[in-house]
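As stored in query_6.cif (mmCIF, C-alpha atoms):
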```cif
data_model
loop_
_atom_site.group_PDB
_atom_site.id
_atom_site.type_symbol
_atom_site.label_atom_id
_atom_site.label_comp_id
_atom_site.auth_asym_id
_atom_site.auth_seq_id
_atom_site.Cartn_x
_atom_site.Cartn_y
_atom_site.Cartn_z
ATOM 1 C CA MET A 47 0.000 0.000 0.000
ATOM 2 C CA ASN A 48 1.329 3.388 -0.953
ATOM 3 C CA ILE A 49 1.498 5.681 2.078
ATOM 4 C CA LYS A 50 0.609 8.701 -0.088
ATOM 5 C CA TYR A 51 -2.718 7.131 -1.076
ATOM 6 C CA PHE A 52 -3.439 6.081 2.480
ATOM 7 C CA PHE A 53 -3.044 9.636 3.757
ATOM 8 C CA SER A 54 -5.031 11.008 0.821
ATOM 9 C CA ILE A 55 -7.979 8.806 1.699
ATOM 10 C CA LEU A 56 -7.587 9.554 5.401
ATOM 11 C CA PHE A 57 -7.575 13.292 4.661
ATOM 12 C CA ILE A 58 -10.710 12.986 2.519
ATOM 13 C CA LEU A 59 -12.586 11.080 5.175
ATOM 14 C CA LEU A 60 -11.524 13.393 8.002
ATOM 15 C CA SER A 61 -12.252 16.562 6.063
ATOM 16 C CA CYS A 62 -15.764 15.571 5.008
ATOM 17 C CA ASN A 63 -18.383 18.167 5.869
ATOM 18 C CA ASP A 64 -20.946 17.574 8.567
ATOM 19 C CA SER A 65 -23.952 16.434 6.530
ATOM 20 C CA LYS A 66 -26.276 18.803 8.391
ATOM 21 C CA ASN A 67 -24.343 21.787 6.981
ATOM 22 C CA ILE A 68 -24.171 20.795 3.300
ATOM 23 C CA ASP A 69 -25.824 23.166 0.826
ATOM 24 C CA THR A 70 -27.367 20.725 -1.652
ATOM 25 C CA ASN A 71 -27.985 23.534 -4.164
ATOM 26 C CA LEU A 72 -24.257 23.354 -4.911
ATOM 27 C CA LEU A 73 -24.881 19.975 -6.560
ATOM 28 C CA ASN A 74 -26.319 21.642 -9.683
ATOM 29 C CA GLY A 75 -23.919 21.734 -12.606
ATOM 30 C CA TYR A 76 -21.108 19.732 -14.178
ATOM 31 C CA TRP A 77 -18.957 17.344 -12.120
ATOM 32 C CA MET A 78 -15.949 15.427 -13.495
ATOM 33 C CA ILE A 79 -14.808 12.227 -11.791
ATOM 34 C CA GLU A 80 -11.266 12.761 -10.539
ATOM 35 C CA ASN A 81 -10.747 9.348 -8.940
ATOM 36 C CA VAL A 82 -12.398 6.352 -7.347
ATOM 37 C CA SER A 83 -11.043 4.666 -4.236
ATOM 38 C CA ARG A 84 -11.739 1.328 -2.635
ATOM 39 C CA GLU A 85 -9.988 -0.526 0.165
ATOM 40 C CA ASN A 86 -7.010 1.880 0.315
ATOM 41 C CA GLU A 87 -6.505 1.856 -3.472
ATOM 42 C CA VAL A 88 -7.022 4.923 -5.642
ATOM 43 C CA PHE A 89 -7.956 4.554 -9.285
ATOM 44 C CA ARG A 90 -7.315 7.622 -11.428
ATOM 45 C CA LEU A 91 -9.343 8.132 -14.574
ATOM 46 C CA ASP A 92 -6.652 9.977 -16.524
ATOM 47 C CA ASN A 93 -7.586 8.779 -20.016
ATOM 48 C CA THR A 94 -11.340 9.060 -19.561
ATOM 49 C CA THR A 95 -13.384 12.198 -19.202
ATOM 50 C CA LEU A 96 -16.537 11.281 -17.337
ATOM 51 C CA VAL A 97 -18.829 14.174 -16.489
ATOM 52 C CA ASP A 98 -22.125 14.061 -14.616
ATOM 53 C CA PHE A 99 -24.582 16.927 -14.975
ATOM 54 C CA TYR A 100 -27.022 17.487 -12.080
ATOM 55 C CA LYS A 101 -30.207 19.535 -12.185
ATOM 56 C CA ILE A 102 -31.832 19.618 -8.738
ATOM 57 C CA LYS A 103 -34.687 21.771 -7.422
ATOM 58 C CA ASP A 104 -36.498 21.334 -4.114
ATOM 59 C CA TYR A 105 -34.566 18.151 -3.255
ATOM 60 C CA SER A 106 -35.341 16.299 -6.483
ATOM 61 C CA GLY A 107 -34.220 16.340 -10.075
ATOM 62 C CA TRP A 108 -32.043 14.348 -12.433
ATOM 63 C CA ARG A 109 -28.482 13.450 -13.447
ATOM 64 C CA THR A 110 -27.133 12.622 -16.888
ATOM 65 C CA LYS A 111 -23.765 11.787 -18.428
ATOM 66 C CA VAL A 112 -22.253 14.382 -20.738
ATOM 67 C CA LYS A 113 -19.137 14.445 -22.889
ATOM 68 C CA PRO A 114 -17.047 17.625 -23.134
ATOM 69 C CA LEU A 115 -16.410 18.743 -26.720
ATOM 70 C CA ILE A 116 -13.495 20.720 -28.117
ATOM 71 C CA ASP A 117 -15.608 23.927 -28.440
ATOM 72 C CA ASN A 118 -16.364 23.939 -24.655
ATOM 73 C CA SER A 119 -19.877 22.619 -25.176
ATOM 74 C CA PHE A 120 -21.185 19.206 -24.145
ATOM 75 C CA ARG A 121 -22.770 16.266 -25.917
ATOM 76 C CA THR A 122 -25.605 15.118 -23.688
ATOM 77 C CA SER A 123 -26.681 11.544 -23.136
ATOM 78 C CA ASN A 124 -30.354 10.791 -23.730
ATOM 79 C CA ASN A 125 -30.419 8.816 -20.481
ATOM 80 C CA LYS A 126 -31.403 10.583 -17.289
ATOM 81 C CA VAL A 127 -31.537 9.067 -13.849
ATOM 82 C CA PHE A 128 -33.896 10.592 -11.337
ATOM 83 C CA VAL A 129 -32.401 11.869 -8.097
ATOM 84 C CA LYS A 130 -34.062 12.624 -4.782
ATOM 85 C CA ILE A 131 -32.081 14.109 -1.901
ATOM 86 C CA ILE A 132 -32.805 12.465 1.436
ATOM 87 C CA LYS A 133 -31.643 14.277 4.583
ATOM 88 C CA ASN A 134 -31.742 12.819 8.045
ATOM 89 C CA GLU A 135 -29.810 13.412 11.277
ATOM 90 C CA GLU A 136 -27.036 11.019 10.306
ATOM 91 C CA LYS A 137 -26.405 11.677 6.627
ATOM 92 C CA ILE A 138 -27.493 13.046 3.286
ATOM 93 C CA SER A 139 -28.097 10.557 0.497
ATOM 94 C CA LEU A 140 -28.990 10.718 -3.157
ATOM 95 C CA ALA A 141 -31.733 8.217 -3.921
ATOM 96 C CA ILE A 142 -31.233 7.213 -7.557
ATOM 97 C CA LYS A 143 -34.026 5.707 -9.630
ATOM 98 C CA THR A 144 -33.839 4.226 -13.117
ATOM 99 C CA PRO A 145 -36.272 1.972 -14.983
ATOM 100 C CA TRP A 146 -33.958 -0.953 -14.146
ATOM 101 C CA ASP A 147 -32.685 -0.311 -10.621
ATOM 102 C CA ASN A 148 -32.777 1.887 -7.511
ATOM 103 C CA TRP A 149 -29.896 2.676 -5.141
ATOM 104 C CA GLU A 150 -28.533 5.269 -2.724
ATOM 105 C CA GLU A 151 -25.330 7.264 -2.858
ATOM 106 C CA GLU A 152 -24.159 8.844 0.391
ATOM 107 C CA LEU A 153 -23.089 12.469 0.036
ATOM 108 C CA LEU A 154 -19.905 12.790 2.111
ATOM 109 C CA LYS A 155 -18.775 16.233 1.002
ATOM 110 C CA LEU A 156 -20.111 19.002 -1.212
ATOM 111 C CA ASP A 157 -18.775 22.497 -1.689
ATOM 112 C CA SER A 158 -18.344 24.837 -4.640
ATOM 113 C CA ILE A 159 -15.402 22.875 -6.092
ATOM 114 C CA SER A 160 -15.579 19.294 -4.817
ATOM 115 C CA LEU A 161 -18.076 16.478 -4.422
ATOM 116 C CA ILE A 162 -17.442 13.168 -2.679
ATOM 117 C CA LEU A 163 -19.958 10.333 -2.911
ATOM 118 C CA LYS A 164 -19.885 6.908 -1.282
ATOM 119 C CA ILE A 165 -21.485 4.181 -3.354
ATOM 120 C CA GLU A 166 -21.396 0.839 -1.567
ATOM 121 C CA ASP A 167 -17.700 0.313 -0.742
ATOM 122 C CA LYS A 168 -16.328 2.875 -3.224
ATOM 123 C CA ILE A 169 -15.565 6.568 -2.765
ATOM 124 C CA PHE A 170 -16.039 8.745 -5.878
ATOM 125 C CA ARG A 171 -14.268 12.095 -5.855
ATOM 126 C CA TYR A 172 -15.445 14.752 -8.311
ATOM 127 C CA ILE A 173 -14.295 18.245 -9.198
ATOM 128 C CA LYS A 174 -16.660 20.937 -10.443
ATOM 129 C CA ILE A 175 -16.066 22.213 -13.934
ATOM 130 C CA ARG A 176 -17.229 25.420 -15.597
#
```

Once you've parsed the file, please lay out its structure as C-alpha coordinates.
Amino acid sequence: MNIKYFFSILFILLSCNDSKNIDTNLLNGYWMIENVSRENEVFRLDNTTLVDFYKIKDYSGWRTKVKPLIDNSFRTSNNKVFVKIIKNEEKISLAIKTPWDNWEEELLKLDSISLILKIEDKIFRYIKIR
(Lines of atoms letter the chains of each structure in order from A and count residues from 1; the text may use other names and numbers.)
(Lines give C-alpha, C1' and ligand atoms only; values in the text may rest on other atoms or scores of the structure.)
Protein backbone atom coordinates (compact mmCIF):
# COMPACT_ATOMS: atom_id res chain seq x y z
CA MET A 1 0.00 0.00 0.00
CA ASN A 2 1.33 3.39 -0.95
CA ILE A 3 1.50 5.68 2.08
CA LYS A 4 0.61 8.70 -0.09
CA TYR A 5 -2.72 7.13 -1.08
CA PHE A 6 -3.44 6.08 2.48
CA PHE A 7 -3.04 9.64 3.76
CA SER A 8 -5.03 11.01 0.82
CA ILE A 9 -7.98 8.81 1.70
CA LEU A 10 -7.59 9.55 5.40
CA PHE A 11 -7.58 13.29 4.66
CA ILE A 12 -10.71 12.99 2.52
CA LEU A 13 -12.59 11.08 5.18
CA LEU A 14 -11.52 13.39 8.00
CA SER A 15 -12.25 16.56 6.06
CA CYS A 16 -15.76 15.57 5.01
CA ASN A 17 -18.38 18.17 5.87
CA ASP A 18 -20.95 17.57 8.57
CA SER A 19 -23.95 16.43 6.53
CA LYS A 20 -26.28 18.80 8.39
CA ASN A 21 -24.34 21.79 6.98
CA ILE A 22 -24.17 20.79 3.30
CA ASP A 23 -25.82 23.17 0.83
CA THR A 24 -27.37 20.72 -1.65
CA ASN A 25 -27.99 23.53 -4.16
CA LEU A 26 -24.26 23.35 -4.91
CA LEU A 27 -24.88 19.98 -6.56
CA ASN A 28 -26.32 21.64 -9.68
CA GLY A 29 -23.92 21.73 -12.61
CA TYR A 30 -21.11 19.73 -14.18
CA TRP A 31 -18.96 17.34 -12.12
CA MET A 32 -15.95 15.43 -13.50
CA ILE A 33 -14.81 12.23 -11.79
CA GLU A 34 -11.27 12.76 -10.54
CA ASN A 35 -10.75 9.35 -8.94
CA VAL A 36 -12.40 6.35 -7.35
CA SER A 37 -11.04 4.67 -4.24
CA ARG A 38 -11.74 1.33 -2.64
CA GLU A 39 -9.99 -0.53 0.16
CA ASN A 40 -7.01 1.88 0.31
CA GLU A 41 -6.50 1.86 -3.47
CA VAL A 42 -7.02 4.92 -5.64
CA PHE A 43 -7.96 4.55 -9.28
CA ARG A 44 -7.31 7.62 -11.43
CA LEU A 45 -9.34 8.13 -14.57
CA ASP A 46 -6.65 9.98 -16.52
CA ASN A 47 -7.59 8.78 -20.02
CA THR A 48 -11.34 9.06 -19.56
CA THR A 49 -13.38 12.20 -19.20
CA LEU A 50 -16.54 11.28 -17.34
CA VAL A 51 -18.83 14.17 -16.49
CA ASP A 52 -22.13 14.06 -14.62
CA PHE A 53 -24.58 16.93 -14.97
CA TYR A 54 -27.02 17.49 -12.08
CA LYS A 55 -30.21 19.54 -12.19
CA ILE A 56 -31.83 19.62 -8.74
CA LYS A 57 -34.69 21.77 -7.42
CA ASP A 58 -36.50 21.33 -4.11
CA TYR A 59 -34.57 18.15 -3.26
CA SER A 60 -35.34 16.30 -6.48
CA GLY A 61 -34.22 16.34 -10.08
CA TRP A 62 -32.04 14.35 -12.43
CA ARG A 63 -28.48 13.45 -13.45
CA THR A 64 -27.13 12.62 -16.89
CA LYS A 65 -23.77 11.79 -18.43
CA VAL A 66 -22.25 14.38 -20.74
CA LYS A 67 -19.14 14.44 -22.89
CA PRO A 68 -17.05 17.62 -23.13
CA LEU A 69 -16.41 18.74 -26.72
CA ILE A 70 -13.50 20.72 -28.12
CA ASP A 71 -15.61 23.93 -28.44
CA ASN A 72 -16.36 23.94 -24.66
CA SER A 73 -19.88 22.62 -25.18
CA PHE A 74 -21.18 19.21 -24.14
CA ARG A 75 -22.77 16.27 -25.92
CA THR A 76 -25.60 15.12 -23.69
CA SER A 77 -26.68 11.54 -23.14
CA ASN A 78 -30.35 10.79 -23.73
CA ASN A 79 -30.42 8.82 -20.48
CA LYS A 80 -31.40 10.58 -17.29
CA VAL A 81 -31.54 9.07 -13.85
CA PHE A 82 -33.90 10.59 -11.34
CA VAL A 83 -32.40 11.87 -8.10
CA LYS A 84 -34.06 12.62 -4.78
CA ILE A 85 -32.08 14.11 -1.90
CA ILE A 86 -32.80 12.47 1.44
CA LYS A 87 -31.64 14.28 4.58
CA ASN A 88 -31.74 12.82 8.05
CA GLU A 89 -29.81 13.41 11.28
CA GLU A 90 -27.04 11.02 10.31
CA LYS A 91 -26.40 11.68 6.63
CA ILE A 92 -27.49 13.05 3.29
CA SER A 93 -28.10 10.56 0.50
CA LEU A 94 -28.99 10.72 -3.16
CA ALA A 95 -31.73 8.22 -3.92
CA ILE A 96 -31.23 7.21 -7.56
CA LYS A 97 -34.03 5.71 -9.63
CA THR A 98 -33.84 4.23 -13.12
CA PRO A 99 -36.27 1.97 -14.98
CA TRP A 100 -33.96 -0.95 -14.15
CA ASP A 101 -32.68 -0.31 -10.62
CA ASN A 102 -32.78 1.89 -7.51
CA TRP A 103 -29.90 2.68 -5.14
CA GLU A 104 -28.53 5.27 -2.72
CA GLU A 105 -25.33 7.26 -2.86
CA GLU A 106 -24.16 8.84 0.39
CA LEU A 107 -23.09 12.47 0.04
CA LEU A 108 -19.90 12.79 2.11
CA LYS A 109 -18.77 16.23 1.00
CA LEU A 110 -20.11 19.00 -1.21
CA ASP A 111 -18.78 22.50 -1.69
CA SER A 112 -18.34 24.84 -4.64
CA ILE A 113 -15.40 22.87 -6.09
CA SER A 114 -15.58 19.29 -4.82
CA LEU A 115 -18.08 16.48 -4.42
CA ILE A 116 -17.44 13.17 -2.68
CA LEU A 117 -19.96 10.33 -2.91
CA LYS A 118 -19.89 6.91 -1.28
CA ILE A 119 -21.49 4.18 -3.35
CA GLU A 120 -21.40 0.84 -1.57
CA ASP A 121 -17.70 0.31 -0.74
CA LYS A 122 -16.33 2.88 -3.22
CA ILE A 123 -15.56 6.57 -2.77
CA PHE A 124 -16.04 8.74 -5.88
CA ARG A 125 -14.27 12.10 -5.86
CA TYR A 126 -15.44 14.75 -8.31
CA ILE A 127 -14.29 18.24 -9.20
CA LYS A 128 -16.66 20.94 -10.44
CA ILE A 129 -16.07 22.21 -13.93
CA ARG A 130 -17.23 25.42 -15.60

Kindly resolve the PyMOL selection byres ((chain A and resi 75) around 6) on the present coordinates and return the residues as a list in words.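 Output of the PyMOL selection byres ((chain A and resi 75) around 6): Asn74, Tyr76, Phe99 and Tyr100 of chain A.
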
Name the residues that the PyMOL selection byres ((chain A and resi 174) around 8) picks from the file above, as a count of residues only, using the file's chain letters and numbers. 12

What's the separation between atom CA of Asp104 of chain A and atom CA of Lys155 of chain A, in Å to one decimal place?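 These atoms are spaced 19.1 Å apart.
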
Output of the PyMOL selection byres ((chain A and resi 83-98) around 7), listed as number ranges by chain: A: 51-52, 76-82, 99-100, 109-113, 167-170

For segment 67-72 of chain A, please output as a PyMOL selection string all residues within 8 Å (counting all atoms listed in the file; exclusion window: fewer than 4 positions along the same chain). chain A and resi 63+102-103+105+155-158

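Atom pair atom CA of Val127 of chain A / atom CA of Lys143 of chain A: separated by 5.9 Å.
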
Which of these, A:Ile142, A:Lys126, A:Ser119, A:Lys137, has the shortest distance to Leu154 of chain A once you count all atoms listed in the file?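 Nearest to Leu154 of chain A: A:Lys137.
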
Go ahead and compute the interatomic distance for atom CA of Asn134 of chain A and atom CA of Leu153 of chain A, in Å to one decimal.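 So the two atoms, atom CA of Asn134 of chain A and atom CA of Leu153 of chain A, lie 11.8 Å apart.
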
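Each of A:Ile165, A:Trp108, A:Arg121, A:Lys101 was compared to Thr144 of chain A using all atoms listed in the file, and A:Trp108 turns out to be the nearest.
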
Once 4 Å is added on each side, what are the centre and the three edge lengths, in Å to one decimal, of the axis-aligned box enclosing the listed atoms of segment 105-117 of chain A? Present them as JSON.
```
{"center_x": -24.4, "center_y": 17.9, "center_z": -15.8, "size_x": 29.8, "size_y": 20.1, "size_z": 33.2}
```

Please write as a ChimeraX atom specification the list of polymer residues whose atoms come within 7 Å of (-24.3, 11.5, -0.4), counting only C-alpha atoms and keeping to the coordinates of the file. /A:138-140,151-154,163-164

Can you rebuild segment 67-86 of chain A with N, CA and C atoms and give it as a short mmCIF file (atom, residue, chain, number, x, y, z; two decimals), in the frame of the given file?
```
data_model
loop_
_atom_site.label_atom_id
_atom_site.label_comp_id
_atom_site.auth_asym_id
_atom_site.auth_seq_id
_atom_site.Cartn_x
_atom_site.Cartn_y
_atom_site.Cartn_z
N ASN A 67 -24.74 20.46 7.45
CA ASN A 67 -24.34 21.79 6.98
C ASN A 67 -24.09 21.85 5.48
N ILE A 68 -24.42 20.81 4.74
CA ILE A 68 -24.17 20.80 3.30
C ILE A 68 -25.28 21.53 2.56
N ASP A 69 -24.89 22.45 1.67
CA ASP A 69 -25.82 23.17 0.83
C ASP A 69 -26.04 22.35 -0.44
N THR A 70 -27.14 21.62 -0.52
CA THR A 70 -27.37 20.72 -1.65
C THR A 70 -27.61 21.46 -2.97
N ASN A 71 -27.86 22.76 -2.92
CA ASN A 71 -27.98 23.53 -4.16
C ASN A 71 -26.68 23.57 -4.94
N LEU A 72 -25.56 23.37 -4.25
CA LEU A 72 -24.26 23.35 -4.91
C LEU A 72 -24.09 22.15 -5.83
N LEU A 73 -24.97 21.17 -5.72
CA LEU A 73 -24.88 19.98 -6.56
C LEU A 73 -25.18 20.28 -8.02
N ASN A 74 -25.97 21.30 -8.30
CA ASN A 74 -26.32 21.64 -9.68
C ASN A 74 -25.08 21.97 -10.50
N GLY A 75 -25.02 21.42 -11.71
CA GLY A 75 -23.92 21.73 -12.61
C GLY A 75 -23.16 20.51 -13.06
N TYR A 76 -21.95 20.76 -13.55
CA TYR A 76 -21.11 19.73 -14.18
C TYR A 76 -20.03 19.26 -13.21
N TRP A 77 -19.93 17.94 -13.03
CA TRP A 77 -18.96 17.34 -12.12
C TRP A 77 -18.16 16.26 -12.85
N MET A 78 -16.83 16.40 -12.85
CA MET A 78 -15.95 15.43 -13.50
C MET A 78 -15.34 14.50 -12.44
N ILE A 79 -15.39 13.20 -12.71
CA ILE A 79 -14.81 12.23 -11.79
C ILE A 79 -13.29 12.37 -11.83
N GLU A 80 -12.72 12.63 -10.66
CA GLU A 80 -11.27 12.76 -10.54
C GLU A 80 -10.63 11.41 -10.22
N ASN A 81 -11.24 10.68 -9.27
CA ASN A 81 -10.75 9.35 -8.94
C ASN A 81 -11.80 8.57 -8.18
N VAL A 82 -11.55 7.26 -8.10
CA VAL A 82 -12.40 6.35 -7.35
C VAL A 82 -11.48 5.57 -6.42
N SER A 83 -11.87 5.43 -5.17
CA SER A 83 -11.04 4.67 -4.24
C SER A 83 -11.86 3.55 -3.60
N ARG A 84 -11.12 2.49 -3.27
CA ARG A 84 -11.74 1.33 -2.64
C ARG A 84 -10.66 0.57 -1.90
N GLU A 85 -10.91 0.27 -0.65
CA GLU A 85 -9.99 -0.53 0.16
C GLU A 85 -8.54 -0.03 0.04
N ASN A 86 -8.34 1.25 0.30
CA ASN A 86 -7.01 1.88 0.32
C ASN A 86 -6.32 1.89 -1.04
#
```
